[in-house]
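Right, one structure below, let's go through it.
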Amino acid sequence: MTSKSSGSRNFLNRQRILEVAIAFADTHDVEALTMRKLAKELNCGVMSLYNHVANKDELLTDMLDLVVGKVEFPKFEGDWKAAMRASARSANGILLKHHWATAEWGLRMPGPNRTRFMDSILEVLTVGGLTQAIVYRGYHAIIMHIVGFSQQQVGYQKVLGPDFPAIVEGFLSGLGDDYPYLADHVQAHLEDLEECDEFLFVLDLILDGLDTADAD
């Protein structure tokens with residue numbers, strides 16, 4: 001008869017380790033993730049993890065790559081802007097769901113999924129007819145927007161949360177009459193303005209700019 005603990009160990013594999021680690025990070029963030037805590041979540045010994053991952057650094061790299069694999073990669077079907085818009089929106093949604101991934105992005109070398117994502121962006125921009133120089137610059141602009149904008153959204157969610165109106169009101173009261181333009185801008189956050197998808201608004205500015213950019 002197989003015991004529960006031995007059955008858990010037999011089921012242990014790299015994919016399951018990564019999925020459980022991602023779920024833990026989604027709930028507690030990566031700073032709280034340790035190999036010991038992960039082993040407890042998996043109901044196995046710590047040393048069993050090292051049969052599948054070398055260390056926490058490798059674990060985080062592979063976690064991020066698995067998350068990137070959930071993104072809808074761009075595919076050129078006649079309209080490069082539409083392809084990039086759909087993919088960027090997908091990436092933004094995934095990064096907001098896995099809030100820790102934005103901070104890890106610049107710390108990790110690309111894995112297989114992220115490499116394919118990078119290559120697919122470059123392919124769409126190239127097949128879309130942009131010059132080599134604009135493809136080079138445009139790739140960086142798009143990636144920085146996806147990751148940077150998402151990271152700022154994550155930060156706002158952590159800092160403001162459900163107390164957003166009260167926090168903004170407090171900030172406004174501290175401005176007094178010294179910063180009227182900033183006060184007007186902050187006040188707009190509290191008003192029922194026409195809903196605007198700011199992520200796509202900025203992305204469209206980038207894509208339209210690339211379309212008309214001077215490569216020199």
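A note on labels: chains of the structure tokens are A, B, ... as shown, every chain counts residues from 1, and ligands are counted from 1 in their shown order.
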For A:Leu207, work out the shell of residues within 9 Å, counting only C-alpha atoms and skipping chain neighbours fewer than 4 positions away, then give it as a CSV table (one decimal) with N, CA, C and O atoms, in the first residue's frame.
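As a result, result28.csv now contains:
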```csv
chain,number,residue,atom,x,y,z
A,81,LYS,N,-0.4,46.2,-36.5
A,81,LYS,CA,-0.8,46.9,-35.4
A,81,LYS,C,-1.9,46.1,-34.6
A,81,LYS,O,-1.8,46.1,-33.3
A,84,MET,N,-0.2,43.3,-32.7
A,84,MET,CA,0.6,43.8,-31.5
A,84,MET,C,-0.4,44.3,-30.4
A,84,MET,O,-0.2,44.1,-29.2
A,85,ARG,N,-1.5,44.9,-30.8
A,85,ARG,CA,-2.5,45.4,-29.8
A,85,ARG,C,-3.1,44.2,-29.0
A,85,ARG,O,-3.2,44.3,-27.8
A,138,GLY,N,11.4,50.0,-32.0
A,138,GLY,CA,10.0,49.7,-31.7
A,138,GLY,C,9.9,48.5,-30.8
A,138,GLY,O,9.0,48.5,-29.9
A,142,ILE,N,7.8,48.8,-27.3
A,142,ILE,CA,6.7,48.0,-27.0
A,142,ILE,C,6.9,47.2,-25.7
A,142,ILE,O,6.0,47.1,-24.8
A,202,VAL,N,-1.9,54.5,-24.7
A,202,VAL,CA,-0.4,54.7,-24.9
A,202,VAL,C,0.2,53.8,-25.9
A,202,VAL,O,1.0,54.2,-26.7
A,203,LEU,N,-0.3,52.5,-25.9
A,203,LEU,CA,0.2,51.6,-26.9
A,203,LEU,C,-0.1,52.1,-28.3
A,203,LEU,O,0.8,52.0,-29.2
A,211,ASP,N,4.8,53.7,-37.0
A,211,ASP,CA,4.3,53.6,-38.4
A,211,ASP,C,4.8,54.8,-39.2
A,211,ASP,O,5.0,54.7,-40.4
A,212,THR,N,5.0,56.0,-38.6
A,212,THR,CA,5.4,57.2,-39.3
A,212,THR,C,6.8,57.7,-38.9
A,212,THR,O,7.2,58.7,-39.4
```
- Near-A:Thr131 list (12 Å; only C-alpha atoms; drop same-chain fewer than 4 positions) as a PyMOL selection string: chain A and resi 122-127+135-139+210-216
Just to be explicit: take each residue in the selection above, keep N, CA and C atoms, and write the result as a PDB file, in the first residue's frame.
```
ATOM      1  N   LEU A 122       9.305  40.736 -32.960  1.00  0.00           N
ATOM      2  CA  LEU A 122      10.228  41.182 -34.009  1.00  0.00           C
ATOM      3  C   LEU A 122       9.757  40.734 -35.392  1.00  0.00           C
ATOM      4  N   GLU A 123       9.206  39.529 -35.477  1.00  0.00           N
ATOM      5  CA  GLU A 123       8.710  39.019 -36.763  1.00  0.00           C
ATOM      6  C   GLU A 123       7.541  39.867 -37.264  1.00  0.00           C
ATOM      7  N   VAL A 124       6.583  40.162 -36.368  1.00  0.00           N
ATOM      8  CA  VAL A 124       5.404  40.928 -36.771  1.00  0.00           C
ATOM      9  C   VAL A 124       5.797  42.332 -37.229  1.00  0.00           C
ATOM     10  N   LEU A 125       6.712  42.967 -36.496  1.00  0.00           N
ATOM     11  CA  LEU A 125       7.149  44.303 -36.891  1.00  0.00           C
ATOM     12  C   LEU A 125       7.875  44.281 -38.231  1.00  0.00           C
ATOM     13  N   THR A 126       8.659  43.250 -38.459  1.00  0.00           N
ATOM     14  CA  THR A 126       9.421  43.138 -39.704  1.00  0.00           C
ATOM     15  C   THR A 126       8.508  42.830 -40.888  1.00  0.00           C
ATOM     16  N   VAL A 127       7.660  41.821 -40.721  1.00  0.00           N
ATOM     17  CA  VAL A 127       6.739  41.447 -41.797  1.00  0.00           C
ATOM     18  C   VAL A 127       5.747  42.578 -42.063  1.00  0.00           C
ATOM     19  N   VAL A 135      12.252  48.636 -36.363  1.00  0.00           N
ATOM     20  CA  VAL A 135      11.972  47.365 -35.688  1.00  0.00           C
ATOM     21  C   VAL A 135      12.790  47.261 -34.407  1.00  0.00           C
ATOM     22  N   TYR A 136      14.057  47.621 -34.512  1.00  0.00           N
ATOM     23  CA  TYR A 136      14.961  47.570 -33.352  1.00  0.00           C
ATOM     24  C   TYR A 136      14.453  48.456 -32.219  1.00  0.00           C
ATOM     25  N   ARG A 137      14.128  49.715 -32.545  1.00  0.00           N
ATOM     26  CA  ARG A 137      13.670  50.654 -31.525  1.00  0.00           C
ATOM     27  C   ARG A 137      12.244  50.349 -31.086  1.00  0.00           C
ATOM     28  N   GLY A 138      11.429  49.953 -32.045  1.00  0.00           N
ATOM     29  CA  GLY A 138      10.036  49.673 -31.732  1.00  0.00           C
ATOM     30  C   GLY A 138       9.864  48.506 -30.787  1.00  0.00           C
ATOM     31  N   TYR A 139      10.684  47.473 -30.963  1.00  0.00           N
ATOM     32  CA  TYR A 139      10.622  46.325 -30.060  1.00  0.00           C
ATOM     33  C   TYR A 139      10.828  46.767 -28.622  1.00  0.00           C
ATOM     34  N   LEU A 210       5.534  54.514 -34.525  1.00  0.00           N
ATOM     35  CA  LEU A 210       6.436  53.647 -35.271  1.00  0.00           C
ATOM     36  C   LEU A 210       6.082  53.629 -36.747  1.00  0.00           C
ATOM     37  N   ASP A 211       4.794  53.704 -37.025  1.00  0.00           N
ATOM     38  CA  ASP A 211       4.315  53.649 -38.411  1.00  0.00           C
ATOM     39  C   ASP A 211       4.793  54.847 -39.229  1.00  0.00           C
ATOM     40  N   THR A 212       5.010  55.957 -38.552  1.00  0.00           N
ATOM     41  CA  THR A 212       5.385  57.180 -39.266  1.00  0.00           C
ATOM     42  C   THR A 212       6.793  57.659 -38.928  1.00  0.00           C
ATOM     43  N   ALA A 213       7.521  56.886 -38.148  1.00  0.00           N
ATOM     44  CA  ALA A 213       8.828  57.318 -37.663  1.00  0.00           C
ATOM     45  C   ALA A 213       9.849  57.404 -38.787  1.00  0.00           C
ATOM     46  N   ASP A 214      10.760  58.339 -38.622  1.00  0.00           N
ATOM     47  CA  ASP A 214      11.900  58.485 -39.525  1.00  0.00           C
ATOM     48  C   ASP A 214      12.993  57.571 -39.010  1.00  0.00           C
ATOM     49  N   ALA A 215      13.431  56.657 -39.820  1.00  0.00           N
ATOM     50  CA  ALA A 215      14.435  55.665 -39.392  1.00  0.00           C
ATOM     51  C   ALA A 215      15.821  56.254 -39.198  1.00  0.00           C
ATOM     52  N   ASP A 216      16.068  57.470 -39.685  1.00  0.00           N
ATOM     53  CA  ASP A 216      17.411  58.054 -39.590  1.00  0.00           C
ATOM     54  C   ASP A 216      17.712  58.505 -38.168  1.00  0.00           C
TER      55      ASP A 216
END
```
- Tell me, as an NGL selection string, which residues lie within 9 Å of stretch 33-40 of chain A, counting only C-alpha atoms; anything in the same chain fewer than 2 positions away does not count. :A and (17 or 20-21 or 24-25 or 28-31 or 42-49 or 55-56)
Would you output that residue set with N, CA and C atoms, as a PDB file, in the first residue's frame?
```pdb
ATOM      1  N   ILE A  17       5.811  21.665  -9.628  1.00  0.00           N
ATOM      2  CA  ILE A  17       6.569  22.549  -8.743  1.00  0.00           C
ATOM      3  C   ILE A  17       6.375  24.000  -9.167  1.00  0.00           C
ATOM      4  N   VAL A  20       2.705  25.293  -8.500  1.00  0.00           N
ATOM      5  CA  VAL A  20       2.471  25.562  -7.081  1.00  0.00           C
ATOM      6  C   VAL A  20       3.251  26.793  -6.628  1.00  0.00           C
ATOM      7  N   ALA A  21       4.467  26.952  -7.131  1.00  0.00           N
ATOM      8  CA  ALA A  21       5.276  28.120  -6.790  1.00  0.00           C
ATOM      9  C   ALA A  21       4.619  29.399  -7.299  1.00  0.00           C
ATOM     10  N   PHE A  24       1.675  30.240  -5.122  1.00  0.00           N
ATOM     11  CA  PHE A  24       2.150  30.797  -3.847  1.00  0.00           C
ATOM     12  C   PHE A  24       2.553  32.254  -4.026  1.00  0.00           C
ATOM     13  N   ALA A  25       3.310  32.538  -5.094  1.00  0.00           N
ATOM     14  CA  ALA A  25       3.763  33.913  -5.349  1.00  0.00           C
ATOM     15  C   ALA A  25       2.586  34.837  -5.638  1.00  0.00           C
ATOM     16  N   HIS A  28       1.246  35.366  -2.015  1.00  0.00           N
ATOM     17  CA  HIS A  28       2.143  35.898  -0.974  1.00  0.00           C
ATOM     18  C   HIS A  28       3.290  36.750  -1.513  1.00  0.00           C
ATOM     19  N   ASP A  29       3.505  36.774  -2.825  1.00  0.00           N
ATOM     20  CA  ASP A  29       4.613  37.453  -3.494  1.00  0.00           C
ATOM     21  C   ASP A  29       5.884  36.614  -3.418  1.00  0.00           C
ATOM     22  N   VAL A  30       6.833  36.914  -4.295  1.00  0.00           N
ATOM     23  CA  VAL A  30       8.033  36.084  -4.400  1.00  0.00           C
ATOM     24  C   VAL A  30       8.986  36.279  -3.224  1.00  0.00           C
ATOM     25  N   GLU A  31       8.902  37.430  -2.564  1.00  0.00           N
ATOM     26  CA  GLU A  31       9.780  37.653  -1.420  1.00  0.00           C
ATOM     27  C   GLU A  31       9.512  36.634  -0.317  1.00  0.00           C
ATOM     28  N   LEU A  42       3.950  21.488  -1.291  1.00  0.00           N
ATOM     29  CA  LEU A  42       3.941  20.293  -2.130  1.00  0.00           C
ATOM     30  C   LEU A  42       3.915  19.004  -1.326  1.00  0.00           C
ATOM     31  N   ASN A  43       3.990  19.143  -0.001  1.00  0.00           N
ATOM     32  CA  ASN A  43       3.994  17.971   0.891  1.00  0.00           C
ATOM     33  C   ASN A  43       5.147  17.022   0.550  1.00  0.00           C
ATOM     34  N   CYS A  44       6.337  17.619   0.459  1.00  0.00           N
ATOM     35  CA  CYS A  44       7.520  16.814   0.167  1.00  0.00           C
ATOM     36  C   CYS A  44       8.702  17.367   0.954  1.00  0.00           C
ATOM     37  N   GLY A  45       9.801  16.676   0.916  1.00  0.00           N
ATOM     38  CA  GLY A  45      11.002  17.164   1.559  1.00  0.00           C
ATOM     39  C   GLY A  45      11.686  18.224   0.697  1.00  0.00           C
ATOM     40  N   VAL A  46      12.413  19.129   1.346  1.00  0.00           N
ATOM     41  CA  VAL A  46      13.089  20.193   0.614  1.00  0.00           C
ATOM     42  C   VAL A  46      14.062  19.619  -0.414  1.00  0.00           C
ATOM     43  N   MET A  47      14.782  18.588  -0.034  1.00  0.00           N
ATOM     44  CA  MET A  47      15.781  18.029  -0.935  1.00  0.00           C
ATOM     45  C   MET A  47      15.150  17.440  -2.192  1.00  0.00           C
ATOM     46  N   SER A  48      13.885  17.052  -2.116  1.00  0.00           N
ATOM     47  CA  SER A  48      13.213  16.516  -3.296  1.00  0.00           C
ATOM     48  C   SER A  48      13.087  17.568  -4.391  1.00  0.00           C
ATOM     49  N   LEU A  49      12.965  18.836  -3.991  1.00  0.00           N
ATOM     50  CA  LEU A  49      12.844  19.914  -4.972  1.00  0.00           C
ATOM     51  C   LEU A  49      14.102  20.037  -5.816  1.00  0.00           C
ATOM     52  N   ASN A  55      18.019  25.816  -7.743  1.00  0.00           N
ATOM     53  CA  ASN A  55      17.957  26.777  -6.649  1.00  0.00           C
ATOM     54  C   ASN A  55      16.775  27.712  -6.877  1.00  0.00           C
ATOM     55  N   LYS A  56      16.601  28.658  -5.978  1.00  0.00           N
ATOM     56  CA  LYS A  56      15.464  29.578  -6.100  1.00  0.00           C
ATOM     57  C   LYS A  56      15.602  30.470  -7.321  1.00  0.00           C
TER      58      LYS A  56
END
```
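Close contacts of A:Asp184, defined as residues with an atom at most 10 Å away when counting only C-alpha atoms, with chain neighbours fewer than 5 positions off set aside, comprise Leu172, Tyr179 and His189 of chain A.
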Backbone DSSP call of helix (DSSP H, G or I) for stretch 5-194 of chain A, listed as a PDB file with C-alpha atoms, in the first residue's frame:
```pdb
ATOM      1  CA  SER A   5       3.549  11.099   1.455  1.00  0.00           C
ATOM      2  CA  SER A   6       5.177   8.656  -0.952  1.00  0.00           C
ATOM      3  CA  GLY A   7       2.326   9.179  -3.423  1.00  0.00           C
ATOM      4  CA  SER A   8       2.943  12.947  -3.257  1.00  0.00           C
ATOM      5  CA  ARG A   9       6.623  12.428  -3.889  1.00  0.00           C
ATOM      6  CA  ASN A  10       5.894  10.173  -6.875  1.00  0.00           C
ATOM      7  CA  PHE A  11       3.674  12.864  -8.371  1.00  0.00           C
ATOM      8  CA  ARG A  14       8.993  20.210 -12.571  1.00  0.00           C
ATOM      9  CA  GLN A  15       5.665  21.392 -13.994  1.00  0.00           C
ATOM     10  CA  ARG A  16       3.817  20.833 -10.724  1.00  0.00           C
ATOM     11  CA  ILE A  17       6.569  22.549  -8.743  1.00  0.00           C
ATOM     12  CA  LEU A  18       6.355  25.623 -10.971  1.00  0.00           C
ATOM     13  CA  GLU A  19       2.559  25.761 -10.877  1.00  0.00           C
ATOM     14  CA  VAL A  20       2.471  25.562  -7.081  1.00  0.00           C
ATOM     15  CA  ALA A  21       5.276  28.120  -6.790  1.00  0.00           C
ATOM     16  CA  ILE A  22       3.369  30.514  -9.073  1.00  0.00           C
ATOM     17  CA  ALA A  23       0.188  30.098  -7.042  1.00  0.00           C
ATOM     18  CA  PHE A  24       2.150  30.797  -3.847  1.00  0.00           C
ATOM     19  CA  ALA A  25       3.763  33.913  -5.349  1.00  0.00           C
ATOM     20  CA  ASP A  26       0.386  35.142  -6.614  1.00  0.00           C
ATOM     21  CA  THR A  27      -0.916  35.001  -3.044  1.00  0.00           C
ATOM     22  CA  HIS A  28       2.143  35.898  -0.974  1.00  0.00           C
ATOM     23  CA  VAL A  30       8.033  36.084  -4.400  1.00  0.00           C
ATOM     24  CA  GLU A  31       9.780  37.653  -1.420  1.00  0.00           C
ATOM     25  CA  ALA A  32       7.900  35.216   0.805  1.00  0.00           C
ATOM     26  CA  MET A  35      12.283  26.367  -0.996  1.00  0.00           C
ATOM     27  CA  ARG A  36      11.194  25.217   2.450  1.00  0.00           C
ATOM     28  CA  LYS A  37       7.774  26.846   2.151  1.00  0.00           C
ATOM     29  CA  LEU A  38       7.371  25.470  -1.352  1.00  0.00           C
ATOM     30  CA  ALA A  39       8.230  21.980  -0.140  1.00  0.00           C
ATOM     31  CA  LYS A  40       5.561  22.318   2.545  1.00  0.00           C
ATOM     32  CA  GLU A  41       2.994  23.356  -0.092  1.00  0.00           C
ATOM     33  CA  LEU A  42       3.941  20.293  -2.130  1.00  0.00           C
ATOM     34  CA  VAL A  46      13.089  20.193   0.614  1.00  0.00           C
ATOM     35  CA  MET A  47      15.781  18.029  -0.935  1.00  0.00           C
ATOM     36  CA  SER A  48      13.213  16.516  -3.296  1.00  0.00           C
ATOM     37  CA  LEU A  49      12.844  19.914  -4.972  1.00  0.00           C
ATOM     38  CA  LYS A  56      15.464  29.578  -6.100  1.00  0.00           C
ATOM     39  CA  ASP A  57      17.020  31.699  -8.853  1.00  0.00           C
ATOM     40  CA  GLU A  58      16.375  28.987 -11.429  1.00  0.00           C
ATOM     41  CA  LEU A  59      12.911  28.481  -9.957  1.00  0.00           C
ATOM     42  CA  LEU A  60      12.009  32.150 -10.437  1.00  0.00           C
ATOM     43  CA  THR A  61      13.377  32.183 -13.980  1.00  0.00           C
ATOM     44  CA  ASP A  62      11.247  29.189 -14.920  1.00  0.00           C
ATOM     45  CA  MET A  63       8.194  30.572 -13.095  1.00  0.00           C
ATOM     46  CA  LEU A  64       8.391  33.767 -15.121  1.00  0.00           C
ATOM     47  CA  ASP A  65       8.846  31.827 -18.346  1.00  0.00           C
ATOM     48  CA  LEU A  66       5.774  29.705 -17.606  1.00  0.00           C
ATOM     49  CA  VAL A  67       3.757  32.878 -16.992  1.00  0.00           C
ATOM     50  CA  VAL A  68       4.939  34.399 -20.293  1.00  0.00           C
ATOM     51  CA  TRP A  80       0.701  44.305 -37.652  1.00  0.00           C
ATOM     52  CA  LYS A  81      -0.838  46.913 -35.362  1.00  0.00           C
ATOM     53  CA  ALA A  82      -3.865  44.744 -34.620  1.00  0.00           C
ATOM     54  CA  ALA A  83      -1.579  41.789 -33.917  1.00  0.00           C
ATOM     55  CA  MET A  84       0.552  43.802 -31.504  1.00  0.00           C
ATOM     56  CA  ARG A  85      -2.473  45.376 -29.841  1.00  0.00           C
ATOM     57  CA  ALA A  86      -4.070  41.988 -29.107  1.00  0.00           C
ATOM     58  CA  SER A  87      -0.824  40.488 -27.832  1.00  0.00           C
ATOM     59  CA  ALA A  88       0.069  43.476 -25.653  1.00  0.00           C
ATOM     60  CA  ARG A  89      -3.403  43.481 -24.092  1.00  0.00           C
ATOM     61  CA  SER A  90      -3.026  39.757 -23.376  1.00  0.00           C
ATOM     62  CA  ALA A  91       0.402  40.305 -21.801  1.00  0.00           C
ATOM     63  CA  ASN A  92      -0.904  43.158 -19.664  1.00  0.00           C
ATOM     64  CA  GLY A  93      -3.724  40.990 -18.336  1.00  0.00           C
ATOM     65  CA  ILE A  94      -1.375  38.111 -17.525  1.00  0.00           C
ATOM     66  CA  LEU A  95       1.125  40.372 -15.776  1.00  0.00           C
ATOM     67  CA  LEU A  96      -1.602  41.959 -13.655  1.00  0.00           C
ATOM     68  CA  LYS A  97      -2.828  38.505 -12.666  1.00  0.00           C
ATOM     69  CA  ALA A 101       6.244  38.906 -12.688  1.00  0.00           C
ATOM     70  CA  THR A 102       6.817  42.521 -13.756  1.00  0.00           C
ATOM     71  CA  ALA A 103       9.530  43.055 -11.143  1.00  0.00           C
ATOM     72  CA  GLU A 104      11.203  39.779 -12.133  1.00  0.00           C
ATOM     73  CA  TRP A 105      11.197  40.525 -15.867  1.00  0.00           C
ATOM     74  CA  PRO A 112      11.970  29.290 -24.134  1.00  0.00           C
ATOM     75  CA  ASN A 113       8.547  30.951 -23.933  1.00  0.00           C
ATOM     76  CA  ARG A 114       9.890  34.450 -23.495  1.00  0.00           C
ATOM     77  CA  THR A 115      12.356  33.882 -26.339  1.00  0.00           C
ATOM     78  CA  ARG A 116       9.478  32.919 -28.640  1.00  0.00           C
ATOM     79  CA  PHE A 117       7.497  35.953 -27.472  1.00  0.00           C
ATOM     80  CA  MET A 118      10.423  38.252 -28.253  1.00  0.00           C
ATOM     81  CA  ASP A 119      10.964  36.679 -31.652  1.00  0.00           C
ATOM     82  CA  SER A 120       7.265  36.869 -32.541  1.00  0.00           C
ATOM     83  CA  ILE A 121       7.184  40.617 -31.820  1.00  0.00           C
ATOM     84  CA  LEU A 122      10.228  41.182 -34.009  1.00  0.00           C
ATOM     85  CA  GLU A 123       8.710  39.019 -36.763  1.00  0.00           C
ATOM     86  CA  VAL A 124       5.404  40.928 -36.771  1.00  0.00           C
ATOM     87  CA  LEU A 125       7.149  44.303 -36.891  1.00  0.00           C
ATOM     88  CA  THR A 126       9.421  43.138 -39.704  1.00  0.00           C
ATOM     89  CA  VAL A 127       6.739  41.447 -41.797  1.00  0.00           C
ATOM     90  CA  GLN A 132      15.250  47.425 -39.530  1.00  0.00           C
ATOM     91  CA  ALA A 133      16.089  50.496 -37.445  1.00  0.00           C
ATOM     92  CA  ILE A 134      12.446  51.061 -36.468  1.00  0.00           C
ATOM     93  CA  VAL A 135      11.972  47.365 -35.688  1.00  0.00           C
ATOM     94  CA  TYR A 136      14.961  47.570 -33.352  1.00  0.00           C
ATOM     95  CA  ARG A 137      13.670  50.654 -31.525  1.00  0.00           C
ATOM     96  CA  GLY A 138      10.036  49.673 -31.732  1.00  0.00           C
ATOM     97  CA  TYR A 139      10.622  46.325 -30.060  1.00  0.00           C
ATOM     98  CA  HIS A 140      12.144  48.055 -27.047  1.00  0.00           C
ATOM     99  CA  ALA A 141       9.367  50.641 -26.911  1.00  0.00           C
ATOM    100  CA  ILE A 142       6.653  47.963 -26.969  1.00  0.00           C
ATOM    101  CA  ILE A 143       8.287  45.698 -24.371  1.00  0.00           C
ATOM    102  CA  MET A 144       9.055  48.619 -22.055  1.00  0.00           C
ATOM    103  CA  HIS A 145       5.453  49.783 -22.323  1.00  0.00           C
ATOM    104  CA  ILE A 146       4.015  46.340 -21.608  1.00  0.00           C
ATOM    105  CA  VAL A 147       6.233  45.629 -18.607  1.00  0.00           C
ATOM    106  CA  GLY A 148       6.626  49.176 -17.285  1.00  0.00           C
ATOM    107  CA  PHE A 149       2.975  50.168 -17.524  1.00  0.00           C
ATOM    108  CA  SER A 150       1.910  46.859 -15.971  1.00  0.00           C
ATOM    109  CA  GLN A 151       4.390  47.317 -13.132  1.00  0.00           C
ATOM    110  CA  GLN A 152       3.005  50.779 -12.416  1.00  0.00           C
ATOM    111  CA  GLN A 153      -0.527  49.385 -12.363  1.00  0.00           C
ATOM    112  CA  VAL A 154       0.580  46.686  -9.922  1.00  0.00           C
ATOM    113  CA  GLY A 155       2.174  49.333  -7.699  1.00  0.00           C
ATOM    114  CA  TYR A 156      -0.983  51.434  -7.670  1.00  0.00           C
ATOM    115  CA  GLN A 157      -3.055  48.393  -6.747  1.00  0.00           C
ATOM    116  CA  LYS A 158      -0.775  47.625  -3.812  1.00  0.00           C
ATOM    117  CA  VAL A 159      -0.530  51.188  -2.515  1.00  0.00           C
ATOM    118  CA  GLY A 161      -6.272  49.383  -2.993  1.00  0.00           C
ATOM    119  CA  PRO A 162      -9.909  49.814  -1.930  1.00  0.00           C
ATOM    120  CA  ASP A 163      -9.061  53.027  -0.016  1.00  0.00           C
ATOM    121  CA  PHE A 164      -8.255  54.854  -3.263  1.00  0.00           C
ATOM    122  CA  PRO A 165     -10.866  57.663  -2.901  1.00  0.00           C
ATOM    123  CA  ALA A 166      -9.858  58.480   0.678  1.00  0.00           C
ATOM    124  CA  ILE A 167      -6.143  58.439  -0.196  1.00  0.00           C
ATOM    125  CA  VAL A 168      -6.681  60.749  -3.164  1.00  0.00           C
ATOM    126  CA  GLU A 169      -8.808  63.138  -1.113  1.00  0.00           C
ATOM    127  CA  GLY A 170      -6.057  63.280   1.500  1.00  0.00           C
ATOM    128  CA  PHE A 171      -3.452  63.968  -1.157  1.00  0.00           C
ATOM    129  CA  LEU A 172      -5.606  66.744  -2.633  1.00  0.00           C
ATOM    130  CA  SER A 173      -6.054  68.441   0.725  1.00  0.00           C
ATOM    131  CA  GLY A 174      -2.279  68.514   1.139  1.00  0.00           C
ATOM    132  CA  LEU A 175      -1.761  70.251  -2.199  1.00  0.00           C
ATOM    133  CA  PRO A 180      -3.563  73.826  -9.395  1.00  0.00           C
ATOM    134  CA  TYR A 181      -2.807  71.770 -12.517  1.00  0.00           C
ATOM    135  CA  LEU A 182      -1.857  68.701 -10.527  1.00  0.00           C
ATOM    136  CA  ALA A 183      -4.925  69.162  -8.338  1.00  0.00           C
ATOM    137  CA  ASP A 184      -7.169  69.240 -11.419  1.00  0.00           C
ATOM    138  CA  HIS A 185      -5.528  66.083 -12.717  1.00  0.00           C
ATOM    139  CA  VAL A 186      -5.874  64.233  -9.413  1.00  0.00           C
ATOM    140  CA  GLN A 187      -9.479  65.379  -9.067  1.00  0.00           C
ATOM    141  CA  ALA A 188     -10.232  63.815 -12.438  1.00  0.00           C
TER     142      ALA A 188
END
```
